[in-house]
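The data block below is protein.txt; it holds compact mmCIF, C-alpha atoms.
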```
# COMPACT_ATOMS: atom_id res chain seq x y z
CA MET A 18 -8.99 18.74 -42.65
CA GLN A 19 -10.37 18.71 -39.11
CA LYS A 20 -9.87 15.53 -37.14
CA MET A 21 -13.07 13.53 -36.81
CA ALA A 22 -12.87 12.09 -33.33
CA VAL A 23 -14.39 8.66 -32.83
CA PRO A 24 -17.42 9.21 -30.58
CA PRO A 25 -18.40 7.06 -27.62
CA ILE A 26 -21.60 5.05 -27.53
CA GLU A 27 -24.50 7.47 -27.52
CA GLY A 28 -26.74 6.46 -24.66
CA THR A 29 -27.30 2.96 -23.39
CA ASP A 30 -29.62 1.58 -26.07
CA ALA A 31 -26.96 0.11 -28.40
CA VAL A 32 -26.74 -3.66 -28.37
CA SER A 33 -23.73 -5.92 -28.85
CA VAL A 34 -23.98 -8.70 -31.43
CA PRO A 35 -22.71 -12.17 -30.35
CA GLY A 36 -19.27 -12.52 -31.93
CA GLY A 37 -19.14 -8.79 -32.64
CA PHE A 38 -20.30 -6.51 -35.46
CA GLY A 39 -17.98 -5.13 -38.14
CA LEU A 40 -18.04 -3.14 -41.37
CA TYR A 41 -15.77 -4.01 -44.30
CA LEU A 42 -15.25 -1.42 -47.06
CA HIS A 43 -13.50 -2.59 -50.24
CA TRP A 44 -11.39 -0.28 -52.42
CA PRO A 45 -10.49 -2.44 -55.44
CA PHE A 46 -7.67 -0.44 -57.02
CA CYS A 47 -3.90 -0.91 -56.88
CA LYS A 48 -0.96 0.69 -58.68
CA SER A 49 0.09 -2.77 -59.87
CA LYS A 50 -0.99 -6.39 -59.43
CA CYS A 51 1.34 -8.48 -57.25
CA PRO A 52 2.12 -11.86 -58.83
CA TYR A 53 1.04 -13.85 -55.73
CA CYS A 54 -2.23 -11.95 -55.19
CA ASP A 55 -5.64 -13.50 -55.83
CA PHE A 56 -7.60 -10.71 -54.14
CA ASN A 57 -10.17 -8.64 -56.01
CA SER A 58 -7.74 -5.89 -57.03
CA HIS A 59 -7.45 -4.02 -60.31
CA VAL A 60 -5.17 -1.51 -61.99
CA ARG A 61 -6.76 1.54 -63.61
CA ALA A 62 -5.15 4.54 -65.33
CA ALA A 63 -7.72 6.94 -63.84
CA ILE A 64 -10.39 6.77 -61.15
CA ASP A 65 -13.31 9.14 -60.60
CA GLU A 66 -13.04 9.23 -56.83
CA ARG A 67 -16.15 11.37 -56.40
CA ARG A 68 -18.28 8.68 -58.07
CA TRP A 69 -16.61 5.96 -56.04
CA ARG A 70 -17.14 7.82 -52.77
CA GLU A 71 -20.82 8.27 -53.52
CA GLY A 72 -21.16 4.64 -54.59
CA LEU A 73 -19.64 3.30 -51.40
CA LEU A 74 -21.76 5.63 -49.29
CA ARG A 75 -24.90 4.59 -51.11
CA GLU A 76 -24.31 0.87 -50.70
CA LEU A 77 -23.47 1.43 -47.03
CA ASP A 78 -26.80 3.24 -46.65
CA HIS A 79 -28.59 0.30 -48.29
CA TYR A 80 -27.33 -2.25 -45.78
CA ALA A 81 -27.82 0.07 -42.83
CA ALA A 82 -31.45 0.51 -43.88
CA GLU A 83 -31.90 -3.27 -44.16
CA ILE A 84 -30.56 -3.76 -40.63
CA ALA A 85 -32.65 -0.87 -39.28
CA ALA A 86 -35.79 -2.42 -40.76
CA GLU A 87 -35.54 -5.13 -38.10
CA GLY A 88 -36.54 -2.54 -35.53
CA GLY A 89 -35.23 -2.55 -31.98
CA PRO A 90 -32.19 -0.74 -30.60
CA PRO A 91 -29.26 0.15 -32.88
CA ARG A 92 -26.34 -2.21 -33.11
CA ARG A 93 -22.97 -1.35 -31.63
CA LEU A 94 -20.25 -1.25 -34.28
CA ASP A 95 -16.98 -2.78 -33.05
CA SER A 96 -14.76 -2.32 -36.10
CA ILE A 97 -14.38 -0.77 -39.53
CA PHE A 98 -11.86 -2.20 -41.98
CA PHE A 99 -10.79 -0.53 -45.23
CA GLY A 100 -9.40 -3.33 -47.39
CA GLY A 101 -8.40 -3.77 -50.97
CA GLY A 102 -6.81 -3.32 -53.30
CA THR A 103 -4.89 -0.45 -51.78
CA PRO A 104 -7.22 1.75 -49.72
CA SER A 105 -4.36 4.04 -48.68
CA LEU A 106 -4.62 5.39 -52.24
CA MET A 107 -8.10 6.73 -51.37
CA HIS A 108 -8.36 10.44 -50.64
CA PRO A 109 -8.54 10.95 -46.87
CA ASP A 110 -11.78 12.88 -47.34
CA THR A 111 -13.36 9.72 -48.77
CA VAL A 112 -12.20 7.76 -45.74
CA ALA A 113 -13.55 10.45 -43.39
CA SER A 114 -16.92 10.50 -45.19
CA LEU A 115 -17.36 6.74 -44.87
CA ILE A 116 -16.45 6.74 -41.17
CA GLU A 117 -18.87 9.59 -40.49
CA ARG A 118 -21.69 7.87 -42.41
CA ALA A 119 -21.13 4.68 -40.40
CA ARG A 120 -21.33 6.74 -37.20
CA GLN A 121 -24.68 8.14 -38.33
CA HIS A 122 -26.07 4.63 -38.79
CA TRP A 123 -24.68 2.82 -35.74
CA SER A 124 -23.39 3.51 -32.27
CA PHE A 125 -19.62 3.16 -32.07
CA ALA A 126 -18.02 1.04 -29.39
CA PRO A 127 -15.84 3.23 -27.12
CA ASP A 128 -12.76 1.34 -28.32
CA ILE A 129 -13.85 0.93 -31.95
CA GLU A 130 -11.02 -0.25 -34.19
CA ILE A 131 -10.78 1.54 -37.56
CA THR A 132 -8.13 -0.14 -39.70
CA LEU A 133 -6.87 0.81 -43.15
CA GLU A 134 -4.55 -1.29 -45.31
CA ALA A 135 -1.52 0.53 -46.73
CA ASN A 136 1.60 -0.14 -48.72
CA PRO A 137 4.92 1.37 -47.58
CA THR A 138 5.53 3.55 -50.63
CA SER A 139 6.55 7.16 -50.08
CA VAL A 140 3.26 8.40 -51.60
CA GLU A 141 1.16 6.39 -49.14
CA ILE A 142 3.36 7.14 -46.13
CA ALA A 143 2.81 10.84 -46.85
CA ARG A 144 -0.94 10.30 -46.35
CA PHE A 145 -0.64 8.76 -42.90
CA ARG A 146 -1.19 12.02 -41.01
CA ALA A 147 -4.32 12.89 -43.00
CA LEU A 148 -5.70 9.36 -42.67
CA ALA A 149 -5.26 9.54 -38.90
CA GLN A 150 -7.07 12.88 -38.90
CA ALA A 151 -9.87 11.24 -40.90
CA GLY A 152 -10.49 8.82 -38.03
CA VAL A 153 -8.29 5.81 -38.83
CA ASN A 154 -6.72 4.54 -35.60
CA ARG A 155 -4.95 1.42 -36.87
CA VAL A 156 -2.98 0.83 -40.06
CA SER A 157 -2.05 -2.53 -41.61
CA ILE A 158 1.10 -2.25 -43.74
CA GLY A 159 1.93 -4.69 -46.51
CA ILE A 160 5.67 -4.96 -45.91
CA GLN A 161 5.95 -8.63 -47.07
CA ALA A 162 9.79 -8.82 -46.88
CA LEU A 163 12.73 -6.85 -45.50
CA ASP A 164 15.24 -7.17 -48.34
CA ASP A 165 15.15 -5.65 -51.81
CA GLU A 166 15.72 -8.89 -53.73
CA SER A 167 12.71 -10.58 -52.11
CA LEU A 168 10.57 -7.50 -52.59
CA ARG A 169 11.38 -7.48 -56.32
CA PHE A 170 10.49 -11.18 -56.54
CA LEU A 171 7.16 -10.49 -54.83
CA GLY A 172 6.42 -7.66 -57.27
CA ARG A 173 6.30 -4.99 -54.59
CA GLN A 174 6.53 -1.29 -55.42
CA HIS A 175 8.65 -0.41 -52.39
CA GLY A 176 12.13 -1.18 -51.19
CA ALA A 177 13.49 -2.18 -47.80
CA ALA A 178 14.38 1.43 -46.95
CA GLU A 179 10.76 2.53 -47.49
CA ALA A 180 9.59 -0.36 -45.33
CA LEU A 181 11.69 0.97 -42.45
CA GLN A 182 10.30 4.48 -42.99
CA ALA A 183 6.78 3.08 -42.88
CA PHE A 184 7.38 1.54 -39.45
CA GLU A 185 8.38 4.90 -38.03
CA ALA A 186 5.58 6.82 -39.74
CA ALA A 187 2.97 4.35 -38.50
CA ARG A 188 4.32 4.57 -34.96
CA ALA A 189 4.18 8.37 -35.13
CA HIS A 190 0.63 8.71 -36.44
CA PHE A 191 -1.43 5.74 -35.22
CA PRO A 192 -1.99 4.34 -31.73
CA ARG A 193 -1.92 0.82 -33.20
CA PHE A 194 -0.32 -0.66 -36.29
CA THR A 195 0.45 -4.04 -37.79
CA PHE A 196 2.35 -5.33 -40.78
CA ASP A 197 2.54 -8.45 -42.95
CA LEU A 198 5.47 -10.65 -43.93
CA ILE A 199 5.47 -13.54 -46.40
CA TYR A 200 7.83 -16.42 -45.66
CA ALA A 201 8.60 -19.84 -47.17
CA ARG A 202 9.81 -18.00 -50.25
CA PRO A 203 11.91 -19.87 -52.85
CA HIS A 204 15.37 -20.79 -51.52
CA GLN A 205 14.64 -19.23 -48.12
CA THR A 206 16.52 -21.13 -45.42
CA PRO A 207 15.57 -21.46 -41.76
CA ALA A 208 18.58 -19.33 -40.80
CA GLN A 209 17.54 -16.56 -43.19
CA TRP A 210 13.96 -16.55 -41.90
CA ARG A 211 15.16 -16.53 -38.30
CA ASN A 212 17.25 -13.40 -38.95
CA GLU A 213 14.50 -11.65 -40.93
CA LEU A 214 11.85 -12.38 -38.31
CA LYS A 215 14.10 -11.16 -35.50
CA ALA A 216 14.59 -7.88 -37.39
CA ALA A 217 10.82 -7.58 -37.88
CA LEU A 218 10.04 -8.28 -34.24
CA ALA A 219 12.48 -5.57 -33.19
CA ARG A 220 10.31 -3.06 -35.08
CA ALA A 221 6.88 -4.54 -34.37
CA GLY A 222 4.16 -2.82 -32.42
CA GLY A 223 1.51 -5.00 -30.84
CA HIS A 224 0.57 -7.14 -33.83
CA LEU A 225 1.95 -8.76 -36.95
CA SER A 226 0.73 -11.22 -39.58
CA LEU A 227 3.08 -13.91 -40.91
CA TYR A 228 1.92 -15.88 -43.94
CA GLN A 229 3.52 -18.79 -45.75
CA LEU A 230 3.72 -18.19 -49.49
CA THR A 231 1.04 -20.16 -51.28
CA ILE A 232 0.54 -20.45 -55.03
CA GLU A 233 -3.04 -19.43 -55.72
CA PRO A 234 -4.98 -20.36 -58.87
CA GLY A 235 -5.15 -17.66 -61.49
CA THR A 236 -2.13 -15.71 -60.25
CA ALA A 237 1.04 -14.89 -62.18
CA PHE A 238 2.95 -17.11 -59.76
CA GLU A 239 0.80 -20.11 -60.73
CA GLY A 240 1.97 -19.77 -64.30
CA ALA A 241 5.58 -19.25 -63.25
CA VAL A 242 5.58 -22.41 -61.13
CA ALA A 243 3.95 -24.38 -63.94
CA ARG A 244 6.75 -23.23 -66.27
CA GLY A 245 9.36 -24.35 -63.75
CA GLU A 246 10.64 -20.84 -63.06
CA PHE A 247 10.71 -21.44 -59.30
CA SER A 248 9.33 -23.68 -56.59
CA ILE A 249 8.41 -23.10 -52.97
CA PRO A 250 10.17 -24.97 -50.13
CA ASP A 251 9.18 -28.57 -49.46
CA GLU A 252 6.80 -29.51 -46.65
CA ALA A 253 9.56 -30.36 -44.17
CA THR A 254 11.19 -26.96 -44.65
CA GLN A 255 7.82 -25.21 -44.40
CA ALA A 256 7.19 -27.01 -41.10
CA THR A 257 10.59 -25.90 -39.79
CA LEU A 258 9.92 -22.30 -40.80
CA TYR A 259 6.52 -22.44 -39.08
CA GLU A 260 8.11 -23.76 -35.88
CA ILE A 261 10.71 -20.97 -35.95
CA THR A 262 7.86 -18.49 -36.33
CA GLN A 263 6.08 -19.81 -33.24
CA GLU A 264 9.31 -19.93 -31.21
CA LEU A 265 10.45 -16.38 -31.93
CA THR A 266 7.05 -14.73 -31.63
CA GLU A 267 6.44 -16.46 -28.30
CA GLU A 268 9.83 -15.24 -27.03
CA ALA A 269 9.00 -11.70 -28.16
CA GLY A 270 5.65 -11.67 -26.34
CA LEU A 271 3.54 -11.84 -29.53
CA PRO A 272 2.21 -15.41 -29.50
CA ALA A 273 -0.07 -16.72 -32.22
CA TYR A 274 -3.71 -16.07 -31.42
CA GLU A 275 -4.66 -17.35 -34.89
CA ILE A 276 -2.77 -19.55 -37.31
CA SER A 277 -1.01 -16.67 -39.09
CA ASN A 278 -1.59 -13.77 -36.70
CA HIS A 279 0.41 -12.81 -33.63
CA ALA A 280 -0.24 -10.18 -30.97
CA ARG A 281 0.49 -8.99 -27.51
CA PRO A 282 -2.49 -9.67 -25.22
CA GLY A 283 -5.18 -7.11 -25.99
CA GLU A 284 -3.69 -6.15 -29.38
CA GLU A 285 -5.50 -8.78 -31.46
CA SER A 286 -7.24 -7.53 -34.61
CA ARG A 287 -10.78 -6.82 -33.44
CA HIS A 288 -12.11 -6.82 -36.98
CA ASN A 289 -10.66 -10.21 -37.84
CA LEU A 290 -11.94 -11.56 -34.53
CA VAL A 291 -15.44 -10.71 -35.75
CA TYR A 292 -14.83 -13.09 -38.69
CA TRP A 293 -13.21 -15.82 -36.65
CA ARG A 294 -15.85 -15.64 -33.91
CA TYR A 295 -18.56 -15.78 -36.59
CA GLY A 296 -20.00 -12.41 -35.74
CA ASP A 297 -22.01 -10.19 -38.06
CA TYR A 298 -20.36 -7.99 -40.65
CA VAL A 299 -21.51 -5.81 -43.51
CA GLY A 300 -19.50 -6.01 -46.75
CA VAL A 301 -19.57 -2.93 -48.99
CA GLY A 302 -17.75 -2.49 -52.30
CA PRO A 303 -16.86 -4.71 -55.28
CA GLY A 304 -16.73 -8.38 -54.34
CA ALA A 305 -17.23 -7.72 -50.62
CA HIS A 306 -18.82 -10.51 -48.58
CA GLY A 307 -21.07 -10.16 -45.54
CA ARG A 308 -22.77 -12.28 -42.88
CA LEU A 309 -25.83 -10.83 -41.18
CA MET A 310 -28.27 -12.21 -38.64
CA LEU A 311 -31.67 -10.68 -39.43
CA ALA A 312 -34.84 -11.73 -37.62
CA GLY A 313 -33.15 -14.89 -36.35
CA ARG A 314 -31.89 -15.99 -39.77
CA LYS A 315 -28.29 -15.84 -41.01
CA TRP A 316 -27.73 -14.33 -44.45
CA ALA A 317 -24.70 -14.54 -46.73
CA THR A 318 -24.21 -11.53 -48.98
CA ARG A 319 -21.76 -10.91 -51.81
CA GLN A 320 -21.42 -7.83 -53.98
CA HIS A 321 -20.76 -7.78 -57.73
CA ARG A 322 -17.03 -8.40 -58.20
CA ALA A 323 -16.05 -6.27 -61.22
CA PRO A 324 -15.48 -2.60 -60.27
CA GLU A 325 -17.22 -0.73 -63.11
CA PRO A 326 -20.36 -2.93 -63.23
CA TRP A 327 -20.53 -2.68 -59.42
CA LEU A 328 -20.53 1.11 -59.61
CA ASP A 329 -23.11 1.20 -62.40
CA LEU A 330 -25.45 -1.08 -60.44
CA VAL A 331 -25.10 0.95 -57.24
CA GLU A 332 -25.88 4.17 -59.09
CA ARG A 333 -28.99 2.59 -60.64
CA GLU A 334 -30.27 0.41 -57.80
CA GLY A 335 -28.62 1.61 -54.58
CA HIS A 336 -26.56 -1.56 -54.15
CA ALA A 337 -24.83 -4.24 -56.23
CA THR A 338 -25.72 -7.37 -54.27
CA ARG A 339 -25.17 -10.51 -56.33
CA GLN A 340 -25.80 -13.06 -53.57
CA ARG A 341 -28.22 -12.90 -50.67
CA ASP A 342 -28.79 -16.45 -49.47
CA GLU A 343 -29.92 -17.78 -46.13
CA VAL A 344 -27.22 -19.87 -44.48
CA PRO A 345 -28.84 -23.13 -43.29
CA ALA A 346 -28.10 -24.56 -39.86
CA ALA A 347 -25.61 -27.18 -41.07
CA ALA A 348 -23.67 -24.59 -43.07
CA ARG A 349 -23.64 -22.19 -40.12
CA LEU A 350 -22.07 -24.86 -37.93
CA GLU A 351 -19.50 -25.64 -40.62
CA GLU A 352 -18.61 -21.99 -41.20
CA MET A 353 -18.29 -21.24 -37.49
CA THR A 354 -16.10 -24.31 -36.97
CA LEU A 355 -13.87 -23.56 -39.97
CA MET A 356 -13.26 -20.03 -38.69
CA GLY A 357 -13.23 -20.55 -34.95
CA LEU A 358 -10.74 -23.41 -34.77
CA ARG A 359 -8.14 -21.14 -36.36
CA LEU A 360 -8.04 -19.23 -33.06
CA SER A 361 -5.80 -20.40 -30.23
CA GLY A 362 -8.77 -19.79 -27.92
CA GLY A 363 -11.09 -21.83 -30.11
CA ILE A 364 -14.87 -21.49 -30.09
CA ALA A 365 -16.61 -20.52 -26.89
CA ARG A 366 -19.35 -22.88 -25.74
CA GLN A 367 -21.83 -20.00 -25.71
CA ARG A 368 -21.19 -19.28 -29.41
CA PHE A 369 -22.39 -22.80 -30.29
CA ILE A 370 -25.54 -22.13 -28.28
CA ASP A 371 -26.03 -18.67 -29.86
CA GLU A 372 -25.78 -20.01 -33.40
CA THR A 373 -27.35 -23.47 -33.14
CA GLY A 374 -29.19 -23.66 -29.83
CA SER A 375 -27.14 -26.73 -28.87
CA GLU A 376 -24.04 -27.63 -26.90
CA PRO A 377 -21.01 -28.70 -29.02
CA GLU A 378 -21.24 -32.33 -27.80
CA ALA A 379 -24.58 -32.64 -29.61
CA LEU A 380 -23.38 -31.13 -32.88
CA PHE A 381 -20.57 -33.44 -34.00
CA ASP A 382 -20.26 -37.16 -34.53
CA ARG A 383 -19.08 -38.32 -31.13
CA ALA A 384 -16.74 -41.05 -32.40
CA ARG A 385 -14.89 -38.67 -34.73
CA LEU A 386 -14.74 -35.97 -32.06
CA ASP A 387 -13.36 -38.38 -29.47
CA ARG A 388 -10.77 -39.69 -31.93
CA LEU A 389 -9.45 -36.17 -32.54
CA ILE A 390 -9.41 -35.41 -28.82
CA GLU A 391 -7.57 -38.64 -28.02
CA GLY A 392 -5.09 -37.91 -30.80
CA GLY A 393 -4.15 -34.63 -29.17
CA PHE A 394 -5.61 -32.41 -31.91
CA LEU A 395 -8.69 -31.00 -30.11
CA THR A 396 -9.82 -30.23 -26.58
CA LEU A 397 -13.41 -29.88 -25.39
CA ASP A 398 -14.21 -28.61 -21.92
CA GLY A 399 -16.47 -26.16 -20.11
CA SER A 400 -15.04 -23.17 -21.99
CA GLY A 401 -15.60 -24.63 -25.45
CA LEU A 402 -13.91 -26.43 -28.34
CA LYS A 403 -10.38 -25.61 -29.45
CA ALA A 404 -7.63 -27.05 -31.59
CA THR A 405 -4.30 -27.72 -29.90
CA ALA A 406 -1.08 -26.31 -31.39
CA GLU A 407 -0.66 -29.62 -33.25
CA GLY A 408 -4.24 -29.44 -34.44
CA ARG A 409 -3.94 -25.89 -35.77
CA GLN A 410 -0.83 -26.85 -37.72
CA ARG A 411 -2.86 -29.63 -39.38
CA LEU A 412 -6.22 -27.89 -39.54
CA ASN A 413 -6.83 -28.55 -43.24
CA ALA A 414 -6.64 -32.29 -42.58
CA LEU A 415 -8.45 -32.16 -39.24
CA LEU A 416 -11.59 -30.31 -40.33
CA PRO A 417 -12.90 -32.86 -42.88
CA VAL A 418 -12.63 -35.54 -40.20
CA LEU A 419 -14.50 -33.46 -37.62
CA LEU A 420 -17.19 -32.23 -39.99
CA GLY A 421 -17.59 -35.52 -41.83
```
Take the structure from the file and write it as structure tokens.
Amino acid sequence: MQKMAVPPIEGTDAVSVPGGFGLYLHWPFCKSKCPYCDFNSHVRAAIDERRWREGLLRELDHYAAEIAAEGGPPRRLDSIFFGGGTPSLMHPDTVASLIERARQHWSFAPDIEITLEANPTSVEIARFRALAQAGVNRVSIGIQALDDESLRFLGRQHGAAEALQAFEAARAHFPRFTFDLIYARPHQTPAQWRNELKAALARAGGHLSLYQLTIEPGTAFEGAVARGEFSIPDEATQATLYEITQELTEEAGLPAYEISNHARPGEESRHNLVYWRYGDYVGVGPGAHGRLMLAGRKWATRQHRAPEPWLDLVEREGHATRQRDEVPAAARLEEMTLMGLRLSGGIARQRFIDETGSEPEALFDRARLDRLIEGGFLTLDGSGLKATAEGRQRLNALLPVLLG
């Protein structure tokens, strides 16, 4: 397969969207369902990839046509993200076709980020070269743990040795890569996490995501906890593990730029920044969500969740949109605040003006805002509104107070 080079912006007529503009493509299939996972992922014995490729292309065309109907110059696309499920199980030709179709619809930013999620199994590692040739320039690897016992507990299909191979393969084939770890696992001590995180940081590139284990409704782990099979660490231990995470990543030069995400300056996930900065993004594939500003109005979109009905609808109607609702002004403020305060840099003052037409001082109850500022949880100045380190650690409690 010939490498499909990412082109520069064609001409000077492409426009940037406030907050950025991204494309999310959902591949819903996995080899197995992890017991902690509540994502829209499914296990199938066989997949007709030709049908799925055509379905994804057709729904992509639908949303591109809707955006084009606005008129005016084409948008500049800042990022493409292949999520799942396990998109590294897609044939590289499918990946290449979707990237090329996106290029036909929109101008690409010169530094466009094209990320694909992968698991570190030997089968998926073997595809890394072809995926890079297809146009992927960043891979996100679901490592989750660095010891075999923890990987078995988490239901992963790889071992620690394959995880180490994945690091080297990613470094060899992609200019940028990231990986995930899950901590606050049952019986995990601060000393154990400190050693594991140090080993991970020694192998990290410019970015890594570090998530505390949470028990999500509807997962196999929810049932296991209810039956008393295991429990996660108490709140005090979780807080200690979080503090160790901040300490070691800071020392390694990968500070937190978002609650669970760490990067060297300039290596932040551009696609996730589109979400956190409340930019526009198109969601294509089963269950994919989108947010689009069209003719001055913000729209929330959601595709049909179940894979086979999604594909049937796309083949009949050209898309499988199940929600297309205007986001009212109050909800836009709430969504932008919920997302933006996760970032260490907070929400830029101009983003409040872009989305609401008002300065942040006019948008929140002043007494509640002042109380949070005086408590050391928020700051508000000429650059914008941000949560302090203490505020980000308590964001779930802080946001209801701020938003009333």
The distance between atom CA of Ile158 of chain A and atom CA of Ala113 of chain A is 19.4 Å
*A:Asp165, A:Asp95, A:Glu87, A:Glu332: which is nearest Glu71 of chain A, counting only C-alpha atoms?*
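The shortest atom-to-atom distance to Glu71 of chain A comes from A:Glu332.
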Segment 46-73 of chain A near segment 289-305 of chain A within 10 Å: what's each residue's closest atom pair and its distance in Å to one decimal, counting all atoms listed in the file, ordered by chain then ascending residue number, as a tab-separated table?
```
residue	atom	partner	partner_atom	distance
A:Phe56	CA	A:Gly304	CA	9.4
A:Asn57	CA	A:Gly304	CA	6.8
A:Ser58	CA	A:Pro303	CA	9.4
A:Trp69	CA	A:Gly302	CA	9.3
A:Gly72	CA	A:Gly302	CA	8.2
A:Leu73	CA	A:Gly302	CA	6.2
```
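Distance-wise, atom CA of Leu397 of chain A and atom CA of Leu265 of chain A end up 28.2 Å apart.
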Original post:
In terms of the shortest atom-to-atom distance over all atoms listed in the file, which of A:Leu133, A:Leu115, A:Leu198, A:Leu94 is closest to Pro35 of chain A?
Top reply: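 Closest to Pro35 of chain A, using all atoms listed in the file: A:Leu94.
Distance annotation: of A:Met310, A:Val112, A:Leu225, A:Val140, the residue with the minimal separation from Glu284 of chain A is A:Leu225; atom set is all atoms listed in the file.
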Practice prompt. May I ask for the distance between atom CA of Val344 of chain A and atom CA of Ala317 of chain A, given in Å to one decimal place?
Written response: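 Answer for the atom CA of Val344 of chain A to atom CA of Ala317 of chain A separation: 6.3 Å.
Neighbours of Gly102 of chain A closer than or equal to 10 Å, with only C-alpha atoms counted and sequence neighbours fewer than 3 positions away skipped, come out as A:His43, A:Trp44, A:Pro45, A:Phe46, A:Cys47, A:Lys48, A:Ser49, A:Lys50, A:Cys54, A:Phe56, A:Asn57, A:Ser58, A:His59, A:Val60, A:Phe99, A:Ser105, A:Leu106, A:Glu134, A:Ala135.
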With all atoms listed in the file as the atoms that count, which of A:Pro377, A:Pro324, A:Gly152, A:Gly36 lies nearest to Gly399 of chain A?
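Of A:Pro377, A:Pro324, A:Gly152, A:Gly36, the one nearest Gly399 of chain A, counting all atoms listed in the file, is A:Pro377.
Of the residues under consideration (A:Asn413, A:Gln205, A:Thr266, A:Asn154), A:Gln205 shows the shortest atom-to-atom contact distance to Ser248 of chain A when counting all atoms listed in the file.
When only C-alpha atoms are used to compute distances to Thr257 of chain A, the closest of the residues A:Arg173, A:Ser167, A:Ala384, A:Gln410 turns out to be A:Gln410.
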At a cut-off of 8 Å, using all atoms listed in the file, what residues contact segment 386-392 of chain A? Leave out same-chain residues fewer than 5 positions from it and give the result as a list in words.
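Once the adjacent positions are removed, what remains is Phe381, Leu397, Leu415 and Leu419 of chain A.
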Tell me, as number ranges by chain, which residues lie within 7 Å of Ala280 of chain A, counting only C-alpha atoms; anything in the same chain fewer than 2 positions away does not count.
A: 223-225, 271-274, 278, 282, 284-285
Box for segment 392-400 of chain A - axis-aligned, 5 Å on each of the six sides, all listed atoms - centre and size in Å to one decimal, as JSON.
```
{"center_x": -10.3, "center_y": -30.5, "center_z": -26.0, "size_x": 22.3, "size_y": 24.7, "size_z": 21.8}
```
